[in-house]
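The data block below is data-v5.csv; it holds CSV, C-alpha atoms.
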```csv
chain,number,residue,atom,x,y,z
A,1,ASP,CA,-40.5,-15.9,-25.6
A,2,ALA,CA,-37.3,-15.7,-23.7
A,3,SER,CA,-37.2,-13.3,-20.8
A,4,LEU,CA,-35.0,-10.3,-20.8
A,5,SER,CA,-32.6,-12.0,-18.3
A,6,GLU,CA,-32.4,-15.1,-20.5
A,7,TYR,CA,-31.7,-13.0,-23.5
A,8,ARG,CA,-28.9,-11.2,-21.7
A,9,ALA,CA,-27.5,-14.5,-20.5
A,10,ILE,CA,-27.3,-15.7,-24.1
A,11,MET,CA,-26.2,-12.5,-25.8
A,12,CYS,CA,-24.0,-11.0,-23.0
A,13,PRO,CA,-22.7,-14.0,-21.1
A,14,LEU,CA,-20.9,-13.2,-17.8
A,15,PRO,CA,-19.0,-15.6,-15.6
A,16,ALA,CA,-21.2,-17.3,-13.2
A,17,ASP,CA,-20.9,-16.4,-9.5
A,18,SER,CA,-19.4,-19.8,-8.9
A,19,SER,CA,-16.5,-18.8,-11.0
A,20,ILE,CA,-15.4,-16.1,-8.7
A,21,PRO,CA,-13.0,-17.4,-6.0
A,22,LYS,CA,-14.5,-17.3,-2.6
A,23,THR,CA,-11.5,-18.2,-0.4
A,24,ALA,CA,-8.1,-16.7,0.2
A,25,GLU,CA,-6.5,-20.0,-0.8
A,26,ALA,CA,-8.4,-20.0,-4.1
A,27,VAL,CA,-7.3,-16.4,-4.8
A,28,LYS,CA,-3.7,-17.3,-3.9
A,29,ALA,CA,-3.7,-20.2,-6.4
A,30,ILE,CA,-4.9,-17.8,-9.2
A,31,TRP,CA,-2.3,-15.2,-8.1
A,32,ARG,CA,0.5,-17.7,-8.6
A,33,ALA,CA,-0.7,-18.8,-12.0
A,34,ALA,CA,-1.8,-15.4,-13.3
A,35,ALA,CA,-0.7,-14.3,-16.8
A,36,VAL,CA,-1.6,-10.7,-16.1
A,37,VAL,CA,-1.5,-8.6,-12.9
A,38,CYS,CA,-3.3,-5.3,-12.9
A,39,PHE,CA,-2.5,-2.8,-10.1
A,40,ASP,CA,-4.4,0.3,-9.0
A,41,VAL,CA,-2.0,3.2,-8.6
A,42,ASP,CA,-3.1,5.6,-5.9
A,43,SER,CA,-3.0,4.2,-2.4
A,44,THR,CA,-1.8,0.9,-3.9
A,45,MET,CA,1.3,1.1,-6.0
A,46,VAL,CA,2.0,4.6,-4.5
A,47,ARG,CA,1.3,5.8,-1.0
A,48,GLU,CA,-0.7,8.9,-2.0
A,49,GLU,CA,-3.7,9.9,-4.1
A,50,GLY,CA,-2.3,11.7,-7.1
A,51,ILE,CA,-5.4,13.9,-7.5
A,52,ASP,CA,-5.1,15.1,-3.9
A,53,VAL,CA,-1.4,15.8,-4.4
A,54,LEU,CA,-2.3,17.8,-7.5
A,55,ALA,CA,-5.1,19.6,-5.7
A,56,ASP,CA,-2.7,20.6,-2.8
A,57,HIS,CA,-0.2,21.9,-5.4
A,58,CYS,CA,-3.0,24.0,-7.0
A,59,GLY,CA,-4.5,25.2,-3.7
A,60,ALA,CA,-7.7,23.2,-3.6
A,61,GLY,CA,-6.5,20.4,-1.4
A,62,LYS,CA,-9.1,20.2,1.4
A,63,ALA,CA,-12.2,20.3,-0.7
A,64,VAL,CA,-10.8,17.8,-3.2
A,65,ALA,CA,-9.7,15.3,-0.5
A,66,GLU,CA,-13.3,15.0,0.7
A,67,TRP,CA,-14.5,14.1,-2.8
A,68,THR,CA,-11.7,11.5,-3.1
A,69,HIS,CA,-12.6,9.9,0.2
A,70,ARG,CA,-16.3,9.6,-0.9
A,71,ALA,CA,-15.4,8.2,-4.3
A,72,MET,CA,-12.9,5.6,-3.0
A,73,GLY,CA,-15.4,4.4,-0.4
A,74,GLY,CA,-18.0,3.8,-3.0
A,75,GLY,CA,-20.3,6.4,-1.7
A,76,ILE,CA,-20.7,8.4,-5.0
A,77,PRO,CA,-20.3,7.5,-8.7
A,78,PHE,CA,-16.7,7.9,-9.7
A,79,GLU,CA,-17.4,10.0,-12.8
A,80,VAL,CA,-19.3,12.6,-10.7
A,81,ALA,CA,-16.4,12.8,-8.2
A,82,LEU,CA,-13.8,13.1,-10.9
A,83,GLU,CA,-15.6,15.9,-12.7
A,84,GLU,CA,-16.4,17.8,-9.5
A,85,ARG,CA,-12.8,17.6,-8.3
A,86,LEU,CA,-11.4,18.8,-11.6
A,87,LYS,CA,-13.8,21.7,-11.5
A,88,LEU,CA,-12.2,22.7,-8.2
A,89,ILE,CA,-8.6,22.2,-9.3
A,90,ARG,CA,-8.6,23.3,-13.0
A,91,PRO,CA,-4.9,22.4,-13.3
A,92,SER,CA,-2.9,24.0,-16.1
A,93,LYS,CA,-0.4,22.0,-18.2
A,94,GLN,CA,2.4,23.8,-16.4
A,95,GLN,CA,1.0,23.2,-13.0
A,96,VAL,CA,0.8,19.5,-13.7
A,97,ALA,CA,4.4,19.4,-14.8
A,98,ASP,CA,5.5,21.5,-11.8
A,99,CYS,CA,3.6,19.2,-9.5
A,100,ILE,CA,5.2,16.0,-10.9
A,101,SER,CA,8.6,17.6,-10.5
A,102,ALA,CA,8.1,19.0,-7.0
A,103,HIS,CA,6.0,16.2,-5.6
A,104,PRO,CA,6.9,12.8,-7.2
A,105,LEU,CA,4.5,10.2,-5.9
A,106,PRO,CA,6.3,7.9,-3.4
A,107,PHE,CA,6.1,4.1,-4.1
A,108,THR,CA,4.5,1.9,-1.5
A,109,GLU,CA,7.1,-0.2,0.2
A,110,GLY,CA,7.8,-3.3,-1.8
A,111,GLY,CA,5.9,-2.2,-4.8
A,112,PRO,CA,8.9,-1.9,-7.2
A,113,GLU,CA,10.3,-5.2,-5.9
A,114,LEU,CA,6.9,-6.9,-6.5
A,115,VAL,CA,6.6,-5.6,-10.1
A,116,ALA,CA,10.2,-6.8,-10.8
A,117,ALA,CA,9.4,-10.2,-9.4
A,118,LEU,CA,6.3,-10.5,-11.6
A,119,HIS,CA,8.3,-9.4,-14.7
A,120,ALA,CA,11.0,-12.0,-13.8
A,121,ARG,CA,8.3,-14.7,-13.9
A,122,GLY,CA,7.1,-13.5,-17.4
A,123,LYS,CA,3.9,-11.9,-16.2
A,124,GLN,CA,2.4,-8.9,-17.9
A,125,VAL,CA,1.8,-6.0,-15.5
A,126,TYR,CA,-0.7,-3.2,-16.1
A,127,LEU,CA,-1.5,0.0,-14.2
A,128,ILE,CA,-5.2,0.7,-14.2
A,129,SER,CA,-6.2,4.0,-12.5
A,130,GLY,CA,-8.8,6.6,-12.1
A,131,GLY,CA,-5.9,9.0,-11.8
A,132,PHE,CA,-4.1,10.9,-14.5
A,133,ARG,CA,-1.9,9.5,-17.2
A,134,GLN,CA,0.4,12.5,-17.1
A,135,MET,CA,1.2,11.6,-13.4
A,136,ILE,CA,1.4,7.9,-13.9
A,137,GLU,CA,3.7,7.7,-16.9
A,138,PRO,CA,6.8,8.6,-14.8
A,139,ILE,CA,5.8,5.9,-12.3
A,140,ALA,CA,5.4,3.3,-15.0
A,141,ALA,CA,8.8,4.2,-16.5
A,142,GLN,CA,10.5,3.6,-13.2
A,143,LEU,CA,8.8,0.2,-12.9
A,144,LYS,CA,9.7,-0.7,-16.5
A,145,ILE,CA,6.0,-0.9,-17.4
A,146,PRO,CA,5.4,0.2,-21.0
A,147,ALA,CA,3.1,3.2,-21.6
A,148,SER,CA,0.8,0.9,-23.6
A,149,ASN,CA,0.1,-1.0,-20.3
A,150,ILE,CA,-1.4,2.1,-18.6
A,151,VAL,CA,-5.1,2.7,-18.5
A,152,ALA,CA,-5.8,6.0,-16.9
A,153,ASN,CA,-7.5,9.4,-17.4
A,154,THR,CA,-5.9,12.0,-19.6
A,155,LEU,CA,-6.1,15.7,-18.8
A,156,LEU,CA,-6.8,17.9,-21.8
A,157,PHE,CA,-5.6,21.5,-22.3
A,158,ASP,CA,-6.3,24.3,-24.7
A,159,ASP,CA,-3.6,25.9,-26.9
A,160,ASP,CA,-2.5,28.1,-24.1
A,161,GLY,CA,-2.0,25.2,-21.7
A,162,ASN,CA,-5.1,26.0,-19.6
A,163,TYR,CA,-7.3,23.1,-18.3
A,164,LYS,CA,-10.0,22.2,-20.8
A,165,ASP,CA,-11.5,18.9,-19.8
A,166,PHE,CA,-10.5,15.2,-19.4
A,167,ASP,CA,-10.7,12.5,-22.0
A,168,ARG,CA,-14.2,11.0,-21.6
A,169,THR,CA,-13.4,8.1,-23.9
A,170,GLU,CA,-11.1,6.6,-21.3
A,171,PRO,CA,-12.9,3.7,-19.5
A,172,THR,CA,-11.5,4.6,-16.1
A,173,HIS,CA,-13.3,8.0,-16.0
A,174,ARG,CA,-16.4,6.3,-14.7
A,175,SER,CA,-17.6,3.7,-12.2
A,176,GLY,CA,-17.2,0.2,-13.8
A,177,GLY,CA,-14.4,1.5,-16.0
A,178,LYS,CA,-11.8,-0.8,-14.6
A,179,ALA,CA,-13.9,-3.8,-15.5
A,180,VAL,CA,-14.2,-2.5,-19.0
A,181,ALA,CA,-10.4,-2.0,-19.1
A,182,ILE,CA,-9.8,-5.6,-18.0
A,183,GLY,CA,-12.3,-6.9,-20.5
A,184,GLU,CA,-10.2,-5.2,-23.2
A,185,ILE,CA,-7.0,-6.6,-21.8
A,186,LYS,CA,-8.5,-10.1,-21.9
A,187,GLN,CA,-8.8,-9.7,-25.7
A,188,ILE,CA,-5.0,-9.2,-25.8
A,189,HIS,CA,-3.7,-11.8,-23.3
A,190,GLU,CA,-4.7,-15.4,-22.6
A,191,GLY,CA,-4.8,-16.7,-19.1
A,192,SER,CA,-6.0,-15.5,-15.8
A,193,ILE,CA,-6.0,-11.8,-14.8
A,194,VAL,CA,-5.7,-10.5,-11.2
A,195,MET,CA,-6.7,-7.0,-10.1
A,196,VAL,CA,-5.0,-5.6,-7.0
A,197,GLY,CA,-6.2,-2.4,-5.4
A,198,ASP,CA,-7.5,-0.6,-2.4
A,199,GLY,CA,-10.8,0.9,-3.7
A,200,ALA,CA,-14.4,0.0,-4.5
A,201,THR,CA,-13.6,0.6,-8.2
A,202,ASP,CA,-11.0,-2.1,-8.0
A,203,ALA,CA,-13.3,-4.7,-6.4
A,204,GLU,CA,-16.0,-4.2,-9.0
A,205,ALA,CA,-13.5,-5.2,-11.7
A,206,CYS,CA,-14.0,-8.9,-10.7
A,207,PRO,CA,-15.4,-10.2,-12.9
A,208,PRO,CA,-14.1,-9.9,-15.6
A,209,ALA,CA,-10.9,-10.2,-13.7
A,210,THR,CA,-10.4,-13.8,-12.6
A,211,ALA,CA,-9.7,-12.7,-9.0
A,212,PHE,CA,-9.5,-9.5,-6.9
A,213,ILE,CA,-6.9,-9.0,-4.1
A,214,GLY,CA,-7.8,-6.2,-1.7
A,215,PHE,CA,-4.8,-4.0,-0.6
A,216,GLY,CA,-4.8,-2.2,2.7
A,217,GLY,CA,-1.2,-1.3,3.0
A,218,VAL,CA,-1.9,2.4,2.7
A,219,ALA,CA,-5.5,2.8,3.5
A,220,VAL,CA,-7.9,0.2,4.9
A,221,ARG,CA,-11.4,0.5,3.4
A,222,GLU,CA,-13.8,-1.7,5.3
A,223,LYS,CA,-16.2,-2.1,2.4
A,224,VAL,CA,-13.4,-3.4,0.2
A,225,ARG,CA,-12.0,-5.7,2.9
A,226,ALA,CA,-15.5,-7.3,3.1
A,227,LEU,CA,-15.5,-7.9,-0.6
A,228,ALA,CA,-12.0,-9.4,-0.8
A,229,PRO,CA,-11.5,-13.1,0.0
A,230,TRP,CA,-7.8,-12.3,0.2
A,231,TYR,CA,-6.9,-9.0,1.8
A,232,VAL,CA,-3.3,-8.0,2.3
A,233,LEU,CA,-1.6,-5.3,4.2
A,234,SER,CA,1.8,-5.3,2.5
A,235,MET,CA,3.4,-6.0,-0.9
A,236,ALA,CA,5.6,-8.5,1.0
A,237,GLU,CA,2.6,-10.8,1.4
A,238,LEU,CA,2.1,-10.8,-2.3
A,239,ILE,CA,5.8,-11.5,-3.0
A,240,ALA,CA,5.8,-14.4,-0.5
A,241,GLU,CA,3.0,-16.2,-2.4
A,242,LEU,CA,4.7,-16.2,-5.8
A,243,ASP,CA,6.1,-19.4,-7.0
A,244,PRO,CA,9.9,-19.6,-6.7
A,245,LEU,CA,11.9,-18.8,-9.8
A,246,PRO,CA,13.4,-21.9,-11.5
A,247,GLN,CA,17.0,-22.5,-10.7
A,248,ALA,CA,19.4,-21.5,-13.5
```
C-alpha coordinates encoding of this file:
Amino acid sequence: DASLSEYRAIMCPLPADSSIPKTAEAVKAIWRAAAVVCFDVDSTMVREEGIDVLADHCGAGKAVAEWTHRAMGGGIPFEVALEERLKLIRPSKQQVADCISAHPLPFTEGGPELVAALHARGKQVYLISGGFRQMIEPIAAQLKIPASNIVANTLLFDDDGNYKDFDRTEPTHRSGGKAVAIGEIKQIHEGSIVMVGDGATDAEACPPATAFIGFGGVAVREKVRALAPWYVLSMAELIAELDPLPQA
(Lines of atoms letter the chains of each structure in order from A and count residues from 1; the text may use other names and numbers.)
(Lines give C-alpha, C1' and ligand atoms only; values in the text may rest on other atoms or scores of the structure.)
Protein backbone atom coordinates (compact mmCIF):
# COMPACT_ATOMS: atom_id res chain seq x y z
CA ASP A 1 0.00 0.00 0.00
CA ALA A 2 1.09 3.57 -0.65
CA SER A 3 2.31 5.44 2.40
CA LEU A 4 0.40 8.44 3.72
CA SER A 5 3.05 10.78 2.33
CA GLU A 6 2.80 9.13 -1.10
CA TYR A 7 -1.00 9.43 -0.99
CA ARG A 8 -0.77 13.13 -0.16
CA ALA A 9 1.73 13.68 -2.95
CA ILE A 10 -0.69 12.10 -5.42
CA MET A 11 -3.95 13.61 -4.11
CA CYS A 12 -2.65 16.98 -2.85
CA PRO A 13 0.33 17.83 -5.04
CA LEU A 14 2.43 20.79 -3.94
CA PRO A 15 5.28 22.47 -5.80
CA ALA A 16 8.56 20.75 -5.13
CA ASP A 17 11.08 22.63 -3.05
CA SER A 18 13.20 23.00 -6.17
CA SER A 19 10.45 25.16 -7.69
CA ILE A 20 10.86 27.84 -5.03
CA PRO A 21 13.43 30.44 -6.11
CA LYS A 22 16.51 30.37 -3.92
CA THR A 23 18.41 33.46 -5.11
CA ALA A 24 17.68 37.16 -5.38
CA GLU A 25 18.29 37.05 -9.13
CA ALA A 26 15.74 34.27 -9.58
CA VAL A 27 13.15 36.20 -7.58
CA LYS A 28 13.85 39.37 -9.57
CA ALA A 29 13.22 37.51 -12.84
CA ILE A 30 9.86 36.27 -11.50
CA TRP A 31 9.04 39.78 -10.25
CA ARG A 32 9.53 41.25 -13.72
CA ALA A 33 7.40 38.56 -15.37
CA ALA A 34 4.68 38.28 -12.71
CA ALA A 35 1.06 38.42 -13.84
CA VAL A 36 -0.17 39.10 -10.30
CA VAL A 37 1.44 40.95 -7.39
CA CYS A 38 -0.02 40.60 -3.91
CA PHE A 39 0.90 43.06 -1.17
CA ASP A 40 0.52 42.83 2.54
CA VAL A 41 -0.95 46.08 3.85
CA ASP A 42 0.20 46.88 7.40
CA SER A 43 3.91 47.76 7.62
CA THR A 44 4.21 47.14 3.88
CA MET A 45 1.83 49.20 1.74
CA VAL A 46 1.17 51.50 4.72
CA ARG A 47 3.57 52.55 7.46
CA GLU A 48 1.47 51.47 10.43
CA GLU A 49 -0.35 48.42 11.75
CA GLY A 50 -4.04 49.15 11.29
CA ILE A 51 -5.13 47.11 14.28
CA ASP A 52 -2.73 49.05 16.52
CA VAL A 53 -4.08 52.35 15.22
CA LEU A 54 -7.62 51.16 15.93
CA ALA A 55 -6.59 49.96 19.38
CA ASP A 56 -5.01 53.34 20.22
CA HIS A 57 -8.20 55.05 19.07
CA CYS A 58 -10.25 52.79 21.34
CA GLY A 59 -7.90 53.09 24.34
CA ALA A 60 -6.34 49.61 24.21
CA GLY A 61 -3.12 50.46 22.42
CA LYS A 62 -0.34 49.14 24.64
CA ALA A 63 -1.74 45.66 25.26
CA VAL A 64 -2.72 45.18 21.63
CA ALA A 65 0.66 46.31 20.25
CA GLU A 66 2.37 43.51 22.17
CA TRP A 67 0.06 40.93 20.62
CA THR A 68 0.74 42.39 17.16
CA HIS A 69 4.50 42.16 17.66
CA ARG A 70 4.25 38.52 18.70
CA ALA A 71 1.96 37.62 15.80
CA MET A 72 4.07 39.32 13.12
CA GLY A 73 7.25 37.71 14.41
CA GLY A 74 5.70 34.27 14.06
CA GLY A 75 5.76 33.59 17.79
CA ILE A 76 2.05 32.77 18.14
CA PRO A 77 -0.71 31.49 15.82
CA PHE A 78 -2.23 34.46 14.03
CA GLU A 79 -5.83 33.47 14.72
CA VAL A 80 -5.13 33.44 18.46
CA ALA A 81 -3.54 36.88 18.35
CA LEU A 82 -6.40 38.28 16.25
CA GLU A 83 -9.12 37.01 18.57
CA GLU A 84 -7.31 38.13 21.73
CA ARG A 85 -6.65 41.60 20.34
CA LEU A 86 -10.25 42.08 19.33
CA LYS A 87 -11.39 40.98 22.78
CA LEU A 88 -9.32 43.87 24.13
CA ILE A 89 -10.50 46.45 21.58
CA ARG A 90 -14.15 45.51 20.93
CA PRO A 91 -14.53 48.37 18.43
CA SER A 92 -18.01 49.62 17.62
CA LYS A 93 -19.00 50.40 14.04
CA GLN A 94 -18.91 54.12 14.85
CA GLN A 95 -15.46 53.86 16.44
CA VAL A 96 -14.11 52.18 13.31
CA ALA A 97 -15.56 54.92 11.10
CA ASP A 98 -14.21 57.65 13.40
CA CYS A 99 -10.77 56.02 13.45
CA ILE A 100 -10.61 55.85 9.66
CA SER A 101 -11.57 59.53 9.47
CA ALA A 102 -9.26 60.75 12.23
CA HIS A 103 -6.26 58.51 11.55
CA PRO A 104 -6.02 57.59 7.85
CA LEU A 105 -3.24 55.05 7.40
CA PRO A 106 -0.20 56.69 5.75
CA PHE A 107 1.24 55.07 2.65
CA THR A 108 4.78 53.77 2.70
CA GLU A 109 6.95 56.01 0.53
CA GLY A 110 6.79 54.85 -3.07
CA GLY A 111 3.86 52.50 -2.52
CA PRO A 112 1.30 54.32 -4.68
CA GLU A 113 3.91 54.87 -7.39
CA LEU A 114 4.76 51.15 -7.40
CA VAL A 115 1.12 50.11 -7.71
CA ALA A 116 0.64 52.60 -10.56
CA ALA A 117 3.73 51.20 -12.30
CA LEU A 118 2.39 47.65 -11.97
CA HIS A 119 -1.01 48.66 -13.33
CA ALA A 120 0.68 50.43 -16.24
CA ARG A 121 2.35 47.13 -17.12
CA GLY A 122 -0.96 45.29 -17.10
CA LYS A 123 -0.40 43.40 -13.87
CA GLN A 124 -3.15 42.52 -11.43
CA VAL A 125 -2.57 43.90 -7.92
CA TYR A 126 -4.13 42.43 -4.78
CA LEU A 127 -4.07 43.47 -1.14
CA ILE A 128 -3.95 40.44 1.17
CA SER A 129 -4.06 41.32 4.84
CA GLY A 130 -4.74 40.01 8.31
CA GLY A 131 -6.11 43.50 8.97
CA PHE A 132 -9.65 44.73 8.52
CA ARG A 133 -11.50 45.19 5.26
CA GLN A 134 -13.24 48.30 6.60
CA MET A 135 -9.85 50.02 7.06
CA ILE A 136 -8.32 48.70 3.83
CA GLU A 137 -11.07 49.64 1.38
CA PRO A 138 -10.20 53.39 1.51
CA ILE A 139 -6.54 52.50 0.84
CA ALA A 140 -7.47 50.29 -2.11
CA ALA A 141 -9.68 53.03 -3.56
CA GLN A 142 -6.79 55.50 -3.52
CA LEU A 143 -4.59 52.91 -5.27
CA LYS A 144 -7.30 52.15 -7.86
CA ILE A 145 -7.40 48.54 -6.68
CA PRO A 146 -10.95 47.13 -6.94
CA ALA A 147 -12.63 45.91 -3.77
CA SER A 148 -12.79 42.46 -5.35
CA ASN A 149 -8.96 42.38 -5.15
CA ILE A 150 -8.94 42.71 -1.36
CA VAL A 151 -8.62 39.66 0.88
CA ALA A 152 -8.91 40.74 4.52
CA ASN A 153 -10.82 40.19 7.73
CA THR A 154 -14.27 41.72 8.13
CA LEU A 155 -15.48 43.09 11.45
CA LEU A 156 -19.05 42.16 12.33
CA PHE A 157 -21.45 44.29 14.38
CA ASP A 158 -24.86 43.78 15.94
CA ASP A 159 -27.95 45.79 15.03
CA ASP A 160 -26.89 48.56 17.43
CA GLY A 161 -23.41 48.84 15.90
CA ASN A 162 -21.63 47.12 18.80
CA TYR A 163 -18.73 44.77 18.07
CA LYS A 164 -19.99 41.22 17.59
CA ASP A 165 -17.20 39.13 16.06
CA PHE A 166 -15.08 38.88 12.95
CA ASP A 167 -15.91 36.88 9.84
CA ARG A 168 -14.31 33.50 10.44
CA THR A 169 -14.82 32.40 6.84
CA GLU A 170 -12.15 34.81 5.61
CA PRO A 171 -8.92 32.86 4.97
CA THR A 172 -6.69 35.58 6.44
CA HIS A 173 -8.09 35.22 9.95
CA ARG A 174 -5.66 32.37 10.63
CA SER A 175 -2.07 31.30 10.09
CA GLY A 176 -1.64 29.95 6.57
CA GLY A 177 -4.57 32.02 5.33
CA LYS A 178 -2.56 34.08 2.87
CA ALA A 179 -1.44 30.86 1.17
CA VAL A 180 -5.11 29.84 0.90
CA ALA A 181 -5.95 33.26 -0.57
CA ILE A 182 -3.20 33.01 -3.17
CA GLY A 183 -4.33 29.51 -4.05
CA GLU A 184 -7.78 30.94 -4.79
CA ILE A 185 -6.27 33.78 -6.85
CA LYS A 186 -4.36 31.20 -8.91
CA GLN A 187 -7.71 29.74 -9.94
CA ILE A 188 -8.64 33.13 -11.45
CA HIS A 189 -5.39 34.30 -13.05
CA GLU A 190 -2.80 32.48 -15.12
CA GLY A 191 0.90 33.20 -14.74
CA SER A 192 3.24 33.71 -11.83
CA ILE A 193 2.21 35.34 -8.56
CA VAL A 194 4.50 37.28 -6.24
CA MET A 195 3.77 37.96 -2.56
CA VAL A 196 5.39 41.06 -1.02
CA GLY A 197 5.28 41.63 2.73
CA ASP A 198 7.03 42.17 6.03
CA GLY A 199 5.64 39.34 8.16
CA ALA A 200 5.87 35.62 8.77
CA THR A 201 2.35 35.16 7.41
CA ASP A 202 3.54 36.64 4.10
CA ALA A 203 6.58 34.38 3.85
CA GLU A 204 4.50 31.26 4.43
CA ALA A 205 2.37 32.12 1.36
CA CYS A 206 5.18 30.82 -0.90
CA PRO A 207 4.23 28.29 -2.13
CA PRO A 208 1.62 28.56 -3.62
CA ALA A 209 2.96 32.02 -4.56
CA THR A 210 5.67 31.63 -7.18
CA ALA A 211 8.00 33.89 -5.18
CA PHE A 212 8.12 35.86 -1.95
CA ILE A 213 9.81 39.25 -1.55
CA GLY A 214 10.54 40.34 2.00
CA PHE A 215 9.91 44.01 2.72
CA GLY A 216 11.77 45.79 5.52
CA GLY A 217 11.06 49.40 4.63
CA VAL A 218 8.92 49.90 7.75
CA ALA A 219 9.98 47.13 10.13
CA VAL A 220 12.83 44.67 9.71
CA ARG A 221 11.89 41.24 11.05
CA GLU A 222 14.99 39.05 11.12
CA LYS A 223 13.08 35.78 10.80
CA VAL A 224 11.48 37.07 7.60
CA ARG A 225 14.77 38.43 6.26
CA ALA A 226 16.26 34.96 6.70
CA LEU A 227 13.42 33.39 4.69
CA ALA A 228 13.54 35.82 1.76
CA PRO A 229 16.09 35.34 -1.05
CA TRP A 230 15.35 38.94 -2.05
CA TYR A 231 14.79 41.33 0.83
CA VAL A 232 14.22 45.00 0.06
CA LEU A 233 14.19 48.11 2.24
CA SER A 234 12.23 50.41 -0.07
CA MET A 235 9.55 50.42 -2.74
CA ALA A 236 12.07 52.15 -5.00
CA GLU A 237 14.08 48.91 -5.19
CA LEU A 238 11.02 47.11 -6.52
CA ILE A 239 10.25 49.85 -9.05
CA ALA A 240 13.84 49.79 -10.29
CA GLU A 241 13.63 46.09 -11.15
CA LEU A 242 10.52 46.39 -13.32
CA ASP A 243 10.92 46.08 -17.07
CA PRO A 244 10.78 49.47 -18.83
CA LEU A 245 7.46 50.40 -20.37
CA PRO A 246 7.43 50.02 -24.16
CA GLN A 247 7.87 53.26 -26.03
CA ALA A 248 4.64 54.66 -27.49
Applying 10 Å and all atoms listed in the file, which residues near A:Gly110 remain after dropping the ones on its own chain fewer than 6 positions away? List them as a list in words.
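With the cut-off at 10 Å, the set is Met45, Ala116, Ser234, Met235, Ala236, Glu237, Leu238 and Ile239 of chain A.
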From (15.2, -2.0, -17.2), in the file's coordinates, out to 12 Å: which residues are reached, counting only C-alpha atoms? Answer as a PDB file with C-alpha atoms, in the coordinates of the input.
```
ATOM      1  CA  PRO A 112       8.900  -1.900  -7.200  1.00  0.00           C
ATOM      2  CA  VAL A 115       6.600  -5.600 -10.100  1.00  0.00           C
ATOM      3  CA  ALA A 116      10.200  -6.800 -10.800  1.00  0.00           C
ATOM      4  CA  HIS A 119       8.300  -9.400 -14.700  1.00  0.00           C
ATOM      5  CA  ALA A 120      11.000 -12.000 -13.800  1.00  0.00           C
ATOM      6  CA  ALA A 140       5.400   3.300 -15.000  1.00  0.00           C
ATOM      7  CA  ALA A 141       8.800   4.200 -16.500  1.00  0.00           C
ATOM      8  CA  GLN A 142      10.500   3.600 -13.200  1.00  0.00           C
ATOM      9  CA  LEU A 143       8.800   0.200 -12.900  1.00  0.00           C
ATOM     10  CA  LYS A 144       9.700  -0.700 -16.500  1.00  0.00           C
ATOM     11  CA  ILE A 145       6.000  -0.900 -17.400  1.00  0.00           C
ATOM     12  CA  PRO A 146       5.400   0.200 -21.000  1.00  0.00           C
TER      13      PRO A 146
END
```
Pick out the residues sitting within 10 Å of A:Ile51, and hand them over as a list in words; count all atoms listed in the file, and ignore anything fewer than 5 positions along from it in its own chain.
Asp42, Asp56, His57, Gly61, Val64, Ala65, Thr68, Leu82, Arg85, Leu86, Ile89, Gly130, Gly131, Phe132 and Met135 of chain A
Please list as a PyMOL selection string every residue within 9 Å of A:Val224, counting all atoms listed in the file and excluding residues in the same chain fewer than 3 positions away.
chain A and resi 73+198-200+202-203+214-215+220-221+227-228+231
So that I can see what lies close to stretch 47-50 of chain A, please list as a list in words the residues with an atom at most 10 Å from it, counting all atoms listed in the file and leaving out residues fewer than 3 positions away in the same chain.
Val41, Asp42, Ser43, Thr44, Val53, Leu54, Ala55, Asp56, Ala65, Thr68, His69, Cys99, Ile100, His103, Pro104, Leu105, Pro106, Phe107, Thr108, Glu109, Gly111, Gly130, Gly131, Phe132, Met135, Ile136, Gly217, Val218 and Ala219 of chain A
